[in-house]
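S.K.: Coordinates in protein.cif, mmCIF, C-alpha atoms and all ligand atoms, are listed below.
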```
data_upload
#
loop_
_atom_site.label_atom_id
_atom_site.label_comp_id
_atom_site.auth_asym_id
_atom_site.auth_seq_id
_atom_site.Cartn_x
_atom_site.Cartn_y
_atom_site.Cartn_z
CA MET A 1 -9.23 -0.18 18.77
CA LEU A 2 -6.28 1.38 16.93
CA LYS A 3 -6.53 3.26 13.65
CA VAL A 4 -3.51 4.24 11.59
CA LEU A 5 -4.20 7.08 9.17
CA LYS A 6 -2.29 8.30 6.16
CA PHE A 7 -3.07 11.66 4.57
CA GLY A 8 -1.97 12.32 1.00
CA GLY A 9 -0.57 15.55 -0.45
CA SER A 10 -3.88 17.10 -1.51
CA SER A 11 -5.21 16.58 2.04
CA LEU A 12 -2.32 18.71 3.33
CA ALA A 13 -2.04 21.32 0.60
CA ASP A 14 -2.74 24.34 2.84
CA SER A 15 -3.98 25.42 6.28
CA SER A 16 -7.63 24.81 5.41
CA GLN A 17 -6.78 21.22 4.48
CA PHE A 18 -4.79 20.83 7.70
CA ALA A 19 -7.91 21.98 9.57
CA LYS A 20 -9.99 19.24 7.91
CA VAL A 21 -7.39 16.68 8.93
CA LYS A 22 -7.48 17.85 12.54
CA LYS A 23 -11.26 17.55 12.61
CA ILE A 24 -11.10 14.03 11.22
CA VAL A 25 -8.43 12.89 13.67
CA GLU A 26 -10.21 14.44 16.65
CA SER A 27 -13.56 12.94 15.79
CA ASP A 28 -12.37 9.44 16.75
CA SER A 29 -10.07 8.79 19.72
CA SER A 30 -8.76 5.56 18.18
CA ARG A 31 -7.04 7.60 15.45
CA GLU A 32 -3.72 7.49 17.24
CA VAL A 33 -1.12 7.25 14.51
CA VAL A 34 -0.95 9.73 11.62
CA ILE A 35 1.34 9.49 8.60
CA VAL A 36 1.63 12.55 6.39
CA SER A 37 2.74 13.28 2.84
CA ALA A 38 4.32 16.56 1.81
CA PRO A 39 1.85 19.32 0.91
CA GLY A 40 0.51 18.68 -2.59
CA LYS A 41 -1.19 20.90 -5.16
CA ARG A 42 -3.83 23.42 -4.06
CA CYS A 43 -5.07 23.70 -7.64
CA LYS A 44 -4.17 22.26 -11.02
CA GLU A 45 -1.44 24.80 -11.81
CA ASP A 46 0.15 24.55 -8.37
CA ASN A 47 3.33 22.68 -7.41
CA LYS A 48 3.83 19.74 -5.11
CA ILE A 49 6.43 20.46 -2.45
CA THR A 50 8.23 17.23 -3.36
CA ASP A 51 8.54 18.38 -6.98
CA LEU A 52 10.01 21.69 -5.79
CA LEU A 53 12.54 19.82 -3.66
CA TYR A 54 13.65 17.73 -6.62
CA LEU A 55 13.89 20.99 -8.55
CA ILE A 56 16.19 22.43 -5.93
CA HIS A 57 18.40 19.40 -6.27
CA ALA A 58 18.61 19.99 -10.03
CA HIS A 59 19.53 23.66 -9.44
CA ILE A 60 22.31 22.66 -7.05
CA LYS A 61 23.61 20.07 -9.48
CA TYR A 62 23.98 22.65 -12.24
CA GLY A 63 25.23 25.35 -9.91
CA VAL A 64 22.19 27.59 -10.31
CA ALA A 65 20.79 29.69 -7.43
CA TYR A 66 17.61 28.22 -6.01
CA ASP A 67 16.43 31.02 -3.71
CA GLY A 68 13.19 31.52 -5.66
CA VAL A 69 12.18 27.87 -5.33
CA LEU A 70 13.12 27.79 -1.67
CA SER A 71 10.98 30.82 -0.90
CA MET A 72 8.00 29.12 -2.59
CA ILE A 73 8.51 26.19 -0.23
CA LYS A 74 8.87 28.44 2.80
CA GLU A 75 5.73 30.39 1.92
CA ARG A 76 3.72 27.21 1.73
CA TYR A 77 4.75 26.07 5.19
CA ALA A 78 4.44 29.58 6.61
CA GLU A 79 0.84 29.80 5.39
CA ILE A 80 0.04 26.49 7.09
CA LYS A 81 1.72 27.57 10.30
CA GLU A 82 -0.09 30.90 10.39
CA GLY A 83 -3.45 29.59 9.21
CA CYS A 84 -3.35 26.93 11.92
CA GLY A 85 -2.13 29.39 14.57
CA LEU A 86 1.03 27.43 15.41
CA ALA A 87 4.01 28.70 17.38
CA ILE A 88 6.67 26.39 15.93
CA ASP A 89 9.37 28.32 14.05
CA ILE A 90 9.22 26.28 10.87
CA GLU A 91 10.94 28.99 8.78
CA LYS A 92 13.99 28.75 11.04
CA GLU A 93 14.02 24.95 10.76
CA ILE A 94 13.86 25.21 6.98
CA ASP A 95 16.63 27.81 6.89
CA GLU A 96 18.85 25.71 9.12
CA THR A 97 18.30 22.66 6.97
CA PHE A 98 19.19 24.47 3.76
CA ALA A 99 22.16 26.27 5.29
CA ASN A 100 23.87 22.89 5.32
CA VAL A 101 22.83 21.85 1.83
CA ASP A 102 25.46 21.71 -0.89
CA LYS A 103 26.46 19.71 -3.97
CA LYS A 104 27.16 16.67 -1.81
CA THR A 105 23.71 16.60 -0.22
CA PRO A 106 22.01 13.41 -1.40
CA VAL A 107 18.85 13.86 -3.45
CA ASP A 108 16.88 11.51 -1.18
CA PHE A 109 17.57 13.69 1.83
CA LEU A 110 16.29 16.79 0.03
CA ALA A 111 13.20 14.99 -1.33
CA SER A 112 12.33 13.69 2.14
CA ARG A 113 12.15 17.14 3.74
CA GLY A 114 8.66 17.74 2.34
CA GLU A 115 7.13 15.09 4.57
CA TYR A 116 9.47 15.97 7.44
CA PHE A 117 8.28 19.60 7.73
CA SER A 118 4.71 18.56 7.07
CA ALA A 119 4.85 16.14 10.01
CA ARG A 120 6.50 18.73 12.26
CA LEU A 121 3.57 21.08 11.70
CA MET A 122 0.89 18.43 11.94
CA ALA A 123 2.26 17.01 15.20
CA GLU A 124 2.14 20.43 16.81
CA TYR A 125 -1.33 21.13 15.42
CA LEU A 126 -2.80 17.88 16.71
CA GLY A 127 -0.88 17.95 19.97
CA TYR A 128 0.62 14.56 19.04
CA SER A 129 4.31 13.66 19.37
CA PHE A 130 6.49 14.04 16.30
CA VAL A 131 8.36 10.80 15.55
CA ASP A 132 10.86 10.98 12.70
CA ALA A 133 10.61 8.19 10.13
CA ALA A 134 14.42 8.05 10.31
CA ASP A 135 14.02 6.81 13.88
CA TRP A 136 12.06 3.70 12.96
CA LEU A 137 11.80 2.90 9.23
CA CYS A 138 15.05 1.09 8.50
CA PHE A 139 16.37 -0.04 5.13
CA ASP A 140 18.97 -2.72 4.56
CA TYR A 141 21.77 -2.13 2.07
CA ASN A 142 19.87 -4.07 -0.59
CA GLY A 143 17.24 -1.32 -0.47
CA LYS A 144 14.62 -3.51 1.23
CA VAL A 145 12.88 -2.51 4.42
CA ASN A 146 14.21 -4.33 7.47
CA THR A 147 10.90 -5.50 8.89
CA GLU A 148 12.12 -6.82 12.19
CA LYS A 149 14.11 -3.74 13.14
CA SER A 150 11.50 -1.27 11.89
CA GLU A 151 8.67 -3.02 13.68
CA GLU A 152 10.56 -3.18 16.95
CA LYS A 153 11.49 0.51 16.81
CA LEU A 154 8.05 1.75 15.86
CA ARG A 155 6.37 -0.32 18.56
CA GLU A 156 8.76 1.04 21.12
CA LEU A 157 8.25 4.67 20.04
CA LYS A 158 4.49 4.20 20.00
CA SER A 159 4.53 2.82 23.52
CA ILE A 160 6.59 5.79 24.73
CA TYR A 161 4.68 8.54 22.98
CA GLY A 162 1.15 7.15 22.50
CA ARG A 163 -0.29 9.46 19.88
CA ILE A 164 2.16 10.16 17.10
CA VAL A 165 2.62 11.87 13.75
CA THR A 166 5.35 10.49 11.51
CA PRO A 167 6.42 11.49 8.00
CA GLY A 168 5.73 9.18 5.07
CA PHE A 169 7.90 8.42 2.03
CA TYR A 170 11.32 7.84 3.63
CA GLY A 171 13.37 5.88 6.07
CA VAL A 172 17.01 5.45 7.02
CA MET A 173 19.83 3.19 5.87
CA ALA A 174 22.21 1.51 8.31
CA ASN A 175 24.84 4.24 7.70
CA GLY A 176 22.36 6.96 8.63
CA ASP A 177 21.61 8.10 5.06
CA ILE A 178 18.01 8.90 4.23
CA LYS A 179 16.36 6.77 1.56
CA VAL A 180 13.02 7.50 -0.10
CA PHE A 181 10.48 5.09 -1.56
CA PRO A 182 9.31 5.59 -5.16
CA ARG A 183 6.99 8.58 -5.70
CA GLY A 184 3.70 8.24 -3.86
CA GLY A 185 5.54 6.13 -1.29
CA SER A 186 3.80 7.53 1.79
CA ASP A 187 1.12 4.94 1.09
CA ILE A 188 3.75 2.29 1.77
CA THR A 189 4.87 3.97 5.00
CA GLY A 190 1.24 4.05 6.16
CA ALA A 191 0.72 0.39 5.36
CA LEU A 192 3.97 -0.59 7.09
CA ALA A 193 3.08 1.36 10.22
CA ALA A 194 -0.43 -0.11 10.33
CA GLY A 195 1.01 -3.60 9.88
CA TYR A 196 3.75 -3.23 12.52
CA LEU A 197 1.35 -1.81 15.09
CA GLY A 198 -1.34 -4.41 14.35
CA ALA A 199 -3.92 -1.69 13.65
CA ASP A 200 -7.59 -2.59 13.38
CA VAL A 201 -7.81 -0.55 10.21
CA TYR A 202 -5.50 1.42 7.93
CA GLU A 203 -7.29 4.55 6.80
CA ASN A 204 -5.89 6.04 3.62
CA TRP A 205 -7.24 9.58 3.32
CA THR A 206 -7.16 11.13 -0.12
CA ASP A 207 -9.29 13.39 -2.33
CA VAL A 208 -11.75 10.82 -3.70
CA SER A 209 -14.48 8.97 -1.82
CA GLY A 210 -13.01 5.56 -2.54
CA ILE A 211 -12.43 3.38 -5.58
CA LEU A 212 -14.83 3.93 -8.42
CA MET A 213 -16.48 1.03 -10.25
CA VAL A 214 -15.20 2.32 -13.55
CA ASP A 215 -12.98 5.05 -14.99
CA PRO A 216 -14.83 8.38 -14.55
CA ARG A 217 -13.32 9.63 -17.81
CA ILE A 218 -15.42 6.99 -19.57
CA VAL A 219 -18.56 6.86 -17.40
CA LYS A 220 -19.86 10.04 -15.78
CA ASP A 221 -20.24 9.87 -11.98
CA PRO A 222 -19.77 6.15 -11.55
CA LYS A 223 -20.66 4.47 -8.26
CA THR A 224 -18.06 3.93 -5.58
CA ILE A 225 -17.11 0.39 -4.68
CA ALA A 226 -18.15 -0.18 -1.07
CA ARG A 227 -15.98 -3.23 -0.49
CA VAL A 228 -13.33 -4.90 -2.61
CA THR A 229 -11.09 -7.88 -1.88
CA TYR A 230 -7.34 -7.71 -2.40
CA ASP A 231 -7.66 -10.22 -5.25
CA GLU A 232 -10.27 -8.12 -7.01
CA LEU A 233 -8.15 -5.03 -6.47
CA ARG A 234 -5.20 -6.77 -8.04
CA GLU A 235 -7.22 -7.65 -11.14
CA LEU A 236 -8.58 -4.12 -11.42
CA SER A 237 -5.26 -2.36 -10.95
CA TYR A 238 -3.51 -4.77 -13.31
CA MET A 239 -6.04 -3.81 -15.94
CA GLY A 240 -5.29 -0.13 -15.55
CA ALA A 241 -7.70 1.07 -12.86
CA SER A 242 -5.90 3.83 -10.98
CA VAL A 243 -6.33 2.61 -7.45
CA LEU A 244 -3.99 1.91 -4.59
CA HIS A 245 -1.53 -0.57 -5.97
CA GLU A 246 -1.80 -3.99 -4.42
CA ASP A 247 1.98 -4.04 -3.73
CA THR A 248 1.55 -0.92 -1.65
CA VAL A 249 -0.95 -2.49 0.65
CA PHE A 250 0.92 -5.79 0.92
CA PRO A 251 2.17 -5.03 4.48
CA VAL A 252 -1.39 -4.78 5.74
CA ARG A 253 -2.71 -7.61 3.58
CA VAL A 254 -0.31 -10.14 5.12
CA ARG A 255 -1.55 -9.15 8.56
CA ASP A 256 -5.20 -9.25 7.55
CA ILE A 257 -5.77 -5.56 8.31
CA PRO A 258 -8.48 -3.88 6.23
CA VAL A 259 -7.74 -0.68 4.33
CA ASN A 260 -10.36 2.05 4.24
CA ILE A 261 -9.94 4.62 1.47
CA ARG A 262 -11.54 7.89 2.57
CA ASN A 263 -12.03 11.42 1.31
CA THR A 264 -10.64 14.28 3.43
CA ASN A 265 -13.00 16.66 1.64
CA ALA A 266 -16.06 14.48 2.34
CA PRO A 267 -15.34 12.68 5.62
CA GLU A 268 -18.97 11.59 5.97
CA ASP A 269 -18.58 9.29 2.93
CA PRO A 270 -17.78 5.75 4.06
CA GLY A 271 -15.27 5.24 1.21
CA THR A 272 -14.06 1.85 0.07
CA ILE A 273 -12.96 -1.01 2.30
CA ILE A 274 -10.33 -3.38 0.97
CA GLY A 275 -10.21 -6.69 2.78
CA GLU A 276 -9.02 -10.25 2.34
CA ARG A 277 -12.60 -11.56 2.32
CA PHE A 278 -16.00 -10.48 3.54
CA ASP A 279 -17.96 -13.04 5.51
CA ASP A 280 -21.31 -11.39 4.97
CA GLU A 281 -22.22 -9.78 1.68
CA LEU A 282 -24.27 -6.62 1.43
CA GLU A 283 -27.54 -6.94 -0.45
CA GLU A 284 -26.63 -4.33 -3.04
CA GLU A 285 -23.36 -6.15 -3.73
CA THR A 286 -25.10 -9.51 -4.16
CA GLU A 287 -27.58 -8.03 -6.57
CA ARG A 288 -24.98 -6.22 -8.61
CA PHE A 289 -22.70 -9.25 -9.14
CA ILE A 290 -19.74 -7.18 -10.24
CA THR A 291 -17.30 -5.05 -8.29
CA GLY A 292 -15.68 -3.06 -11.04
CA ILE A 293 -14.76 -2.81 -14.70
CA ALA A 294 -11.36 -1.84 -16.02
CA GLY A 295 -9.67 -2.02 -19.36
CA LYS A 296 -6.61 -1.35 -21.45
CA ARG A 297 -6.18 -0.47 -25.10
CA ASN A 298 -3.58 -1.36 -27.68
CA PHE A 299 -3.28 -5.10 -27.70
CA SER A 300 -2.60 -7.32 -30.72
CA ILE A 301 -3.62 -10.85 -31.55
CA ILE A 302 -1.55 -13.26 -33.57
CA ASN A 303 -3.58 -16.22 -34.76
CA ILE A 304 -1.78 -19.41 -35.68
CA TYR A 305 -3.68 -21.91 -37.82
CA LYS A 306 -2.83 -25.48 -38.70
CA SER A 307 -5.32 -27.85 -40.24
CA ARG A 308 -5.79 -31.12 -38.27
CA ILE A 309 -3.28 -29.90 -35.73
CA GLY A 310 -4.00 -32.79 -33.30
CA GLU A 311 -1.12 -33.89 -31.12
CA GLU A 312 1.27 -31.40 -32.62
CA LYS A 313 -0.51 -28.56 -30.89
CA LEU A 314 1.52 -28.62 -27.72
CA GLY A 315 4.84 -28.67 -29.54
CA LEU A 316 3.75 -25.84 -31.82
CA LEU A 317 2.54 -23.77 -28.91
CA ARG A 318 5.90 -24.25 -27.25
CA GLN A 319 7.77 -23.12 -30.39
CA VAL A 320 5.57 -20.05 -30.73
CA LEU A 321 5.97 -19.07 -27.09
CA GLU A 322 9.72 -19.50 -27.36
CA ILE A 323 9.72 -16.94 -30.15
CA PHE A 324 7.64 -14.57 -28.00
CA ALA A 325 10.06 -15.05 -25.13
CA ARG A 326 13.01 -14.29 -27.40
CA TYR A 327 11.33 -11.06 -28.53
CA ASP A 328 10.64 -10.25 -24.88
CA ILE A 329 6.90 -9.94 -25.55
CA PRO A 330 4.68 -10.57 -22.53
CA VAL A 331 1.77 -12.86 -23.33
CA GLU A 332 -1.60 -11.79 -21.97
CA GLN A 333 -3.91 -14.59 -23.15
CA ILE A 334 -3.77 -17.72 -25.31
CA PRO A 335 -7.33 -18.45 -26.52
CA SER A 336 -7.41 -21.67 -28.48
CA GLY A 337 -9.59 -23.51 -30.99
CA VAL A 338 -9.48 -27.03 -32.49
CA ASP A 339 -7.08 -26.20 -35.29
CA SER A 340 -5.77 -22.89 -34.13
CA PHE A 341 -4.67 -20.83 -31.21
CA SER A 342 -4.05 -17.14 -30.70
CA VAL A 343 -1.64 -15.15 -28.64
CA VAL A 344 -2.80 -11.81 -27.22
CA PHE A 345 -0.13 -9.31 -26.19
CA PRO A 346 0.47 -5.55 -25.76
CA SER A 347 1.15 -4.05 -29.20
CA GLU A 348 3.94 -1.79 -28.01
CA SER A 349 5.98 -4.80 -26.89
CA MET A 350 6.44 -5.70 -30.60
CA ARG A 351 7.99 -2.29 -31.10
CA ASN A 352 9.34 -1.99 -34.64
CA ARG A 353 9.97 -5.71 -35.01
CA LYS A 354 6.50 -6.55 -36.22
CA HIS A 355 7.55 -7.79 -39.65
CA GLU A 356 10.50 -9.71 -38.26
CA LEU A 357 8.23 -11.45 -35.74
CA MET A 358 5.56 -12.31 -38.31
CA HIS A 359 8.20 -13.59 -40.68
CA GLU A 360 9.72 -15.84 -38.06
CA LEU A 361 6.35 -17.24 -37.03
CA SER A 362 5.25 -17.90 -40.60
CA GLU A 363 8.52 -19.75 -41.20
CA LEU A 364 7.57 -22.36 -38.62
CA GLU A 365 7.32 -25.54 -40.63
CA SER A 366 4.23 -26.95 -39.11
CA ILE A 367 1.81 -24.06 -39.60
CA ASP A 368 -0.58 -23.26 -42.44
CA ASP A 369 -1.34 -19.65 -41.68
CA CYS A 370 -0.48 -16.86 -39.30
CA THR A 371 -2.32 -13.53 -39.07
CA LEU A 372 -1.92 -10.37 -37.03
CA THR A 373 -4.77 -8.17 -35.80
CA GLU A 374 -3.86 -4.92 -34.08
CA GLY A 375 -6.04 -2.39 -32.26
CA ILE A 376 -7.59 -4.66 -29.64
CA SER A 377 -8.73 -3.54 -26.20
CA LEU A 378 -9.11 -5.86 -23.25
CA ILE A 379 -11.88 -5.25 -20.75
CA ALA A 380 -11.97 -6.99 -17.37
CA ILE A 381 -15.25 -7.44 -15.57
CA VAL A 382 -14.28 -8.20 -11.98
CA GLY A 383 -16.38 -9.40 -9.07
CA ARG A 384 -16.11 -11.93 -6.25
CA GLN A 385 -19.87 -12.39 -6.53
CA MET A 386 -19.48 -13.76 -10.04
CA ALA A 387 -17.86 -16.96 -8.81
CA TYR A 388 -20.07 -20.00 -9.14
CA ARG A 389 -23.02 -17.94 -10.35
CA THR A 390 -24.72 -18.57 -13.64
CA GLY A 391 -25.75 -16.08 -16.26
CA ILE A 392 -23.00 -13.50 -15.88
CA SER A 393 -21.11 -14.24 -19.07
CA GLY A 394 -24.48 -14.55 -20.83
CA LYS A 395 -25.35 -11.05 -19.70
CA ILE A 396 -21.98 -9.70 -20.85
CA PHE A 397 -22.26 -11.25 -24.30
CA ARG A 398 -25.90 -10.25 -24.71
CA THR A 399 -25.14 -6.64 -23.73
CA LEU A 400 -22.30 -6.38 -26.21
CA GLY A 401 -23.98 -8.45 -28.93
CA GLU A 402 -27.23 -6.50 -28.88
CA ASN A 403 -25.20 -3.36 -29.39
CA LYS A 404 -23.29 -4.81 -32.33
CA ILE A 405 -19.96 -4.98 -30.50
CA ASN A 406 -17.91 -7.85 -31.78
CA ILE A 407 -16.08 -9.82 -29.09
CA ARG A 408 -12.68 -10.90 -30.40
CA THR A 409 -11.44 -12.86 -27.37
CA ILE A 410 -12.93 -14.24 -24.18
CA GLU A 411 -11.22 -15.48 -21.04
CA GLN A 412 -12.32 -16.42 -17.56
CA GLY A 413 -9.93 -17.28 -14.74
CA ALA A 414 -10.59 -20.51 -12.89
CA ASP A 415 -11.39 -18.60 -9.70
CA GLU A 416 -14.22 -17.00 -11.66
CA ILE A 417 -13.71 -13.51 -10.28
CA ASN A 418 -12.68 -12.06 -13.61
CA ILE A 419 -14.09 -12.31 -17.13
CA MET A 420 -11.99 -10.64 -19.78
CA VAL A 421 -13.21 -9.79 -23.26
CA GLY A 422 -11.25 -8.38 -26.19
CA VAL A 423 -12.97 -5.87 -28.47
CA TYR A 424 -11.74 -3.53 -31.19
CA ASP A 425 -10.21 -0.29 -29.86
CA GLU A 426 -12.97 1.79 -31.44
CA ASP A 427 -15.58 -0.08 -29.37
CA PHE A 428 -13.63 0.20 -26.11
CA GLU A 429 -15.39 3.08 -24.38
CA LYS A 430 -18.83 2.16 -25.67
CA ALA A 431 -18.41 -1.41 -24.42
CA ILE A 432 -17.36 -0.23 -20.95
CA ARG A 433 -20.30 2.17 -20.77
CA LEU A 434 -22.77 -0.53 -21.81
CA LEU A 435 -21.37 -3.08 -19.36
CA TYR A 436 -21.45 -0.56 -16.52
CA GLU A 437 -25.05 0.37 -17.30
CA SER A 438 -26.20 -3.21 -17.48
CA PHE A 439 -24.51 -4.31 -14.25
CA ALA A 440 -24.28 -1.27 -12.00
CA LYS A 441 -27.83 -0.08 -12.19
N1 LIG B 501 5.50 13.39 -1.41
C1 LIG B 501 5.87 12.22 -2.15
C2 LIG B 501 5.45 12.37 -3.60
O1 LIG B 501 4.99 13.44 -3.99
C3 LIG B 501 5.37 10.96 -1.53
C4 LIG B 501 3.87 10.86 -1.30
O2 LIG B 501 3.18 11.86 -1.34
O3 LIG B 501 3.38 9.75 -1.09
O4 LIG B 501 5.60 11.46 -4.36
#
```
Let me see the structure of the file written as structure tokens.
M.R.:
Amino acid sequence: MLKVLKFGGSSLADSSQFAKVKKIVESDSSREVVIVSAPGKRCKEDNKITDLLYLIHAHIKYGVAYDGVLSMIKERYAEIKEGCGLAIDIEKEIDETFANVDKKTPVDFLASRGEYFSARLMAEYLGYSFVDAADWLCFDYNGKVNTEKSEEKLRELKSIYGRIVTPGFYGVMANGDIKVFPRGGSDITGALAAGYLGADVYENWTDVSGILMVDPRIVKDPKTIARVTYDELRELSYMGASVLHEDTVFPVRVRDIPVNIRNTNAPEDPGTIIGERFDDELEEETERFITGIAGKRNFSIINIYKSRIGEEKLGLLRQVLEIFARYDIPVEQIPSGVDSFSVVFPSESMRNRKHELMHELSELESIDDCTLTEGISLIAIVGRQMAYRTGISGKIFRTLGENKINIRTIEQGADEINIMVGVYDEDFEKAIRLLYESFAK
């Protein structure tokens, strides 16, 4: 059994967080590979080390002294070193690194040092070997990860060193330059490492006990999702749920490795498991039907009406969609009736061309009427258990109807794992609360 673990910035914010990480790693001997972020915020007003590093780059660019920022960084690492009782001279390493920094130092190199120093300390603390990401995570010149090379190198290093700590967020280009992923990219490093090493599970340790069924800003203390499939996750994150992005976990998905999202501050919580499919279903999941609810505000609906539209419908739809394409407006849904159809799209994509767009549509010869409704929210009710089961949409409509919430649009994908309803923006939060209460209880 091999577990690859990634710890995020809040799990590494200070020496007491480092101590929690050590306890977690030591409690299970299969936790052999650890990927770390840079230390994050200790409290709301605090700074992330990565932000401070980008700030240093800005200082250098404008020729401003950055000693103050650098000492903040040094203090953070010194506190971790002392609090964990480590002998490594991290201050000297930091000084040596910055002694060579000047206007020509690439921003990616500077940004990557947060994870580098973090991994140096963690390796020593755990008694694991430090393996630099620059020694295995290789980028091609097109900016893509070179899978073959990276996999080969990581496997080799793992077989030499056994238990390793490696920094997240960056890798190396063929010319030796450091390149970082987009912000939050240590998640990608963790998924790549788990994939390359064929881990049994990729544990992503953060500061929440898994993915919540619904946005906690809308519903107080919502339940955690015990298990979610990648497809469900994709639907939920597309609809605005702030969860691990599906793209991030792609490297483990293709190798059928489950992801377990865990909480460093509550390691006894089982967290959420993301998997391709689950062969057995838990009783509570079967009873609940749904996995999660997510939603987004600010959509618009344009309704096109043509009496006795008949065979012309397809041609008209094509003309309308061509106009949308020309305006670069992404189409979310196309609900249709006998003599009409509607196009649902994000309002902001119209920008200030609303009148122009409406004018152009109403000029289409073959239509009788064209109306615009703004202020629509879309709510997705997602659940693999919904497929091929009766009564779910009935329950959704009854819940909303009984509470006088008008449903403006309805859509269900053919795989039946997602039912999407459109309601007015002012009903958005109430609708989500009602749906959660009727399904999650
Ligand atoms: N430290 C980087 C950031 O703050 C990467 C990460 O934490 O995943 O974005």
S.K.: Which residues form the shell of 12 Å around ligand LIG 501 (chain B) when you count only C-alpha atoms and all ligand atoms, given as a ChimeraX atom specification?
M.R.: /A:6-13,35-41,47-54,108,110-119,167-170,180-191,204-206,244,248
S.K.: Looking at A:Asp215, A:Glu148, A:Glu332, A:Glu96, which one is nearest to A:Leu378, with distances taken over all atoms listed in the file?
M.R.: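 Checking each of A:Asp215, A:Glu148, A:Glu332, A:Glu96 against A:Leu378, counting all atoms listed in the file, the winner is A:Glu332.
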S.K.: Compile the contact shell of stretch 217-232 of chain A as JSON, numbers by chain: residues with an atom at most 10 Å away, counting only C-alpha atoms, same-chain residues fewer than 3 positions apart removed.
M.R.: {"A": [208, 209, 210, 211, 212, 213, 214, 235, 236, 237, 238, 245, 246, 249, 250, 253, 258, 259, 260, 261, 270, 271, 272, 273, 274, 275, 276, 277, 278, 281, 282, 284, 285, 290, 291, 292, 381, 382, 383, 384, 417, 418, 428, 429, 430, 432, 433, 434, 436, 437, 440, 441]}
S.K.: Residues at most 12 Å from A:Gly394, counting only C-alpha atoms, excluding those fewer than 5 positions away in the same chain, as a list in words?
M.R.: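 Counting only the stated atoms, we get Met386, Arg389, Thr399, Leu400, Gly401, Glu402, Ile419, Leu435 and Ser438 of chain A.
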S.K.: Hey, which of A:Lys395, A:Arg31, A:Lys404, A:Arg351 ends up closest to A:Ala199? Count all atoms listed in the file.
M.R.: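 Closest to A:Ala199, using all atoms listed in the file: A:Arg31.
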S.K.: Around the point (22.2, -1.0, 0.8), in the coordinates given by the file, pick out the residues reaching within 10 Å, counting only C-alpha atoms, and return them as a ChimeraX atom specification.
M.R.: /A:139-144,173-175,179
S.K.: If we count only C-alpha atoms, what is near A:Arg308 at a cut-off of 12 Å, once residues fewer than 4 positions away on the same chain are taken out, given as a ChimeraX atom specification?
M.R.: /A:312-313,337-340,366-368
S.K.: Can you tell me, as a PDB file with C-alpha atoms, in the coordinates of the input, what residues are no more than 6 Å from A:Ile80 when counting only C-alpha atoms, ignoring any on the same chain fewer than 4 positions away?
M.R.:
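After the write, part28.pdb holds the following:
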```pdb
ATOM      1  CA  ASP A  14      -2.740  24.340   2.840  1.00  0.00           C
ATOM      2  CA  SER A  15      -3.980  25.420   6.280  1.00  0.00           C
ATOM      3  CA  CYS A  84      -3.350  26.930  11.920  1.00  0.00           C
TER       4      CYS A  84
END
```
S.K.: Go ahead and compute the interatomic distance for atom CA of A:Pro346 and atom CA of A:Glu363, in Å to one decimal.
M.R.: 22.5 Å
S.K.: For A:Ile376, which of A:Ile392, A:Ile302, A:Ile329, A:Ile257 is the closest residue, counting all atoms listed in the file?
M.R.: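 Nearest candidate to A:Ile376 out of A:Ile392, A:Ile302, A:Ile329, A:Ile257: A:Ile302.
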S.K.: Distance atom CA of A:Asp135-atom CA of A:Glu152, one decimal place?
M.R.: 11.0 Å
S.K.: Any idea what the distance is between atom CA of A:Ile164 and atom CA of A:Ser129?
M.R.: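 Result for atom CA of A:Ile164 versus atom CA of A:Ser129: 4.7 Å, one decimal.
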S.K.: A:Leu361: which residues within 10 Å, counting all atoms listed in the file, same-chain residues fewer than 2 positions away excluded, as a list of chain:residue names?
M.R.: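 In the requested form, the answer reads A:Ile302, A:Ile304, A:Gln319, A:Val320, A:Ile323, A:Phe324, A:His355, A:Glu356, A:Leu357, A:Met358, A:His359, A:Glu363, A:Leu364, A:Glu365, A:Ile367, A:Asp369, A:Cys370, A:Thr371.
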S.K.: Go ahead and dump the residues you just picked, C-alpha atoms, as a PDB file, in the frame of the given file.
M.R.:
```pdb
ATOM      1  CA  ILE A 302      -1.550 -13.260 -33.570  1.00  0.00           C
ATOM      2  CA  ILE A 304      -1.780 -19.410 -35.680  1.00  0.00           C
ATOM      3  CA  GLN A 319       7.770 -23.120 -30.390  1.00  0.00           C
ATOM      4  CA  VAL A 320       5.570 -20.050 -30.730  1.00  0.00           C
ATOM      5  CA  ILE A 323       9.720 -16.940 -30.150  1.00  0.00           C
ATOM      6  CA  PHE A 324       7.640 -14.570 -28.000  1.00  0.00           C
ATOM      7  CA  HIS A 355       7.550  -7.790 -39.650  1.00  0.00           C
ATOM      8  CA  GLU A 356      10.500  -9.710 -38.260  1.00  0.00           C
ATOM      9  CA  LEU A 357       8.230 -11.450 -35.740  1.00  0.00           C
ATOM     10  CA  MET A 358       5.560 -12.310 -38.310  1.00  0.00           C
ATOM     11  CA  HIS A 359       8.200 -13.590 -40.680  1.00  0.00           C
ATOM     12  CA  GLU A 363       8.520 -19.750 -41.200  1.00  0.00           C
ATOM     13  CA  LEU A 364       7.570 -22.360 -38.620  1.00  0.00           C
ATOM     14  CA  GLU A 365       7.320 -25.540 -40.630  1.00  0.00           C
ATOM     15  CA  ILE A 367       1.810 -24.060 -39.600  1.00  0.00           C
ATOM     16  CA  ASP A 369      -1.340 -19.650 -41.680  1.00  0.00           C
ATOM     17  CA  CYS A 370      -0.480 -16.860 -39.300  1.00  0.00           C
ATOM     18  CA  THR A 371      -2.320 -13.530 -39.070  1.00  0.00           C
TER      19      THR A 371
END
```
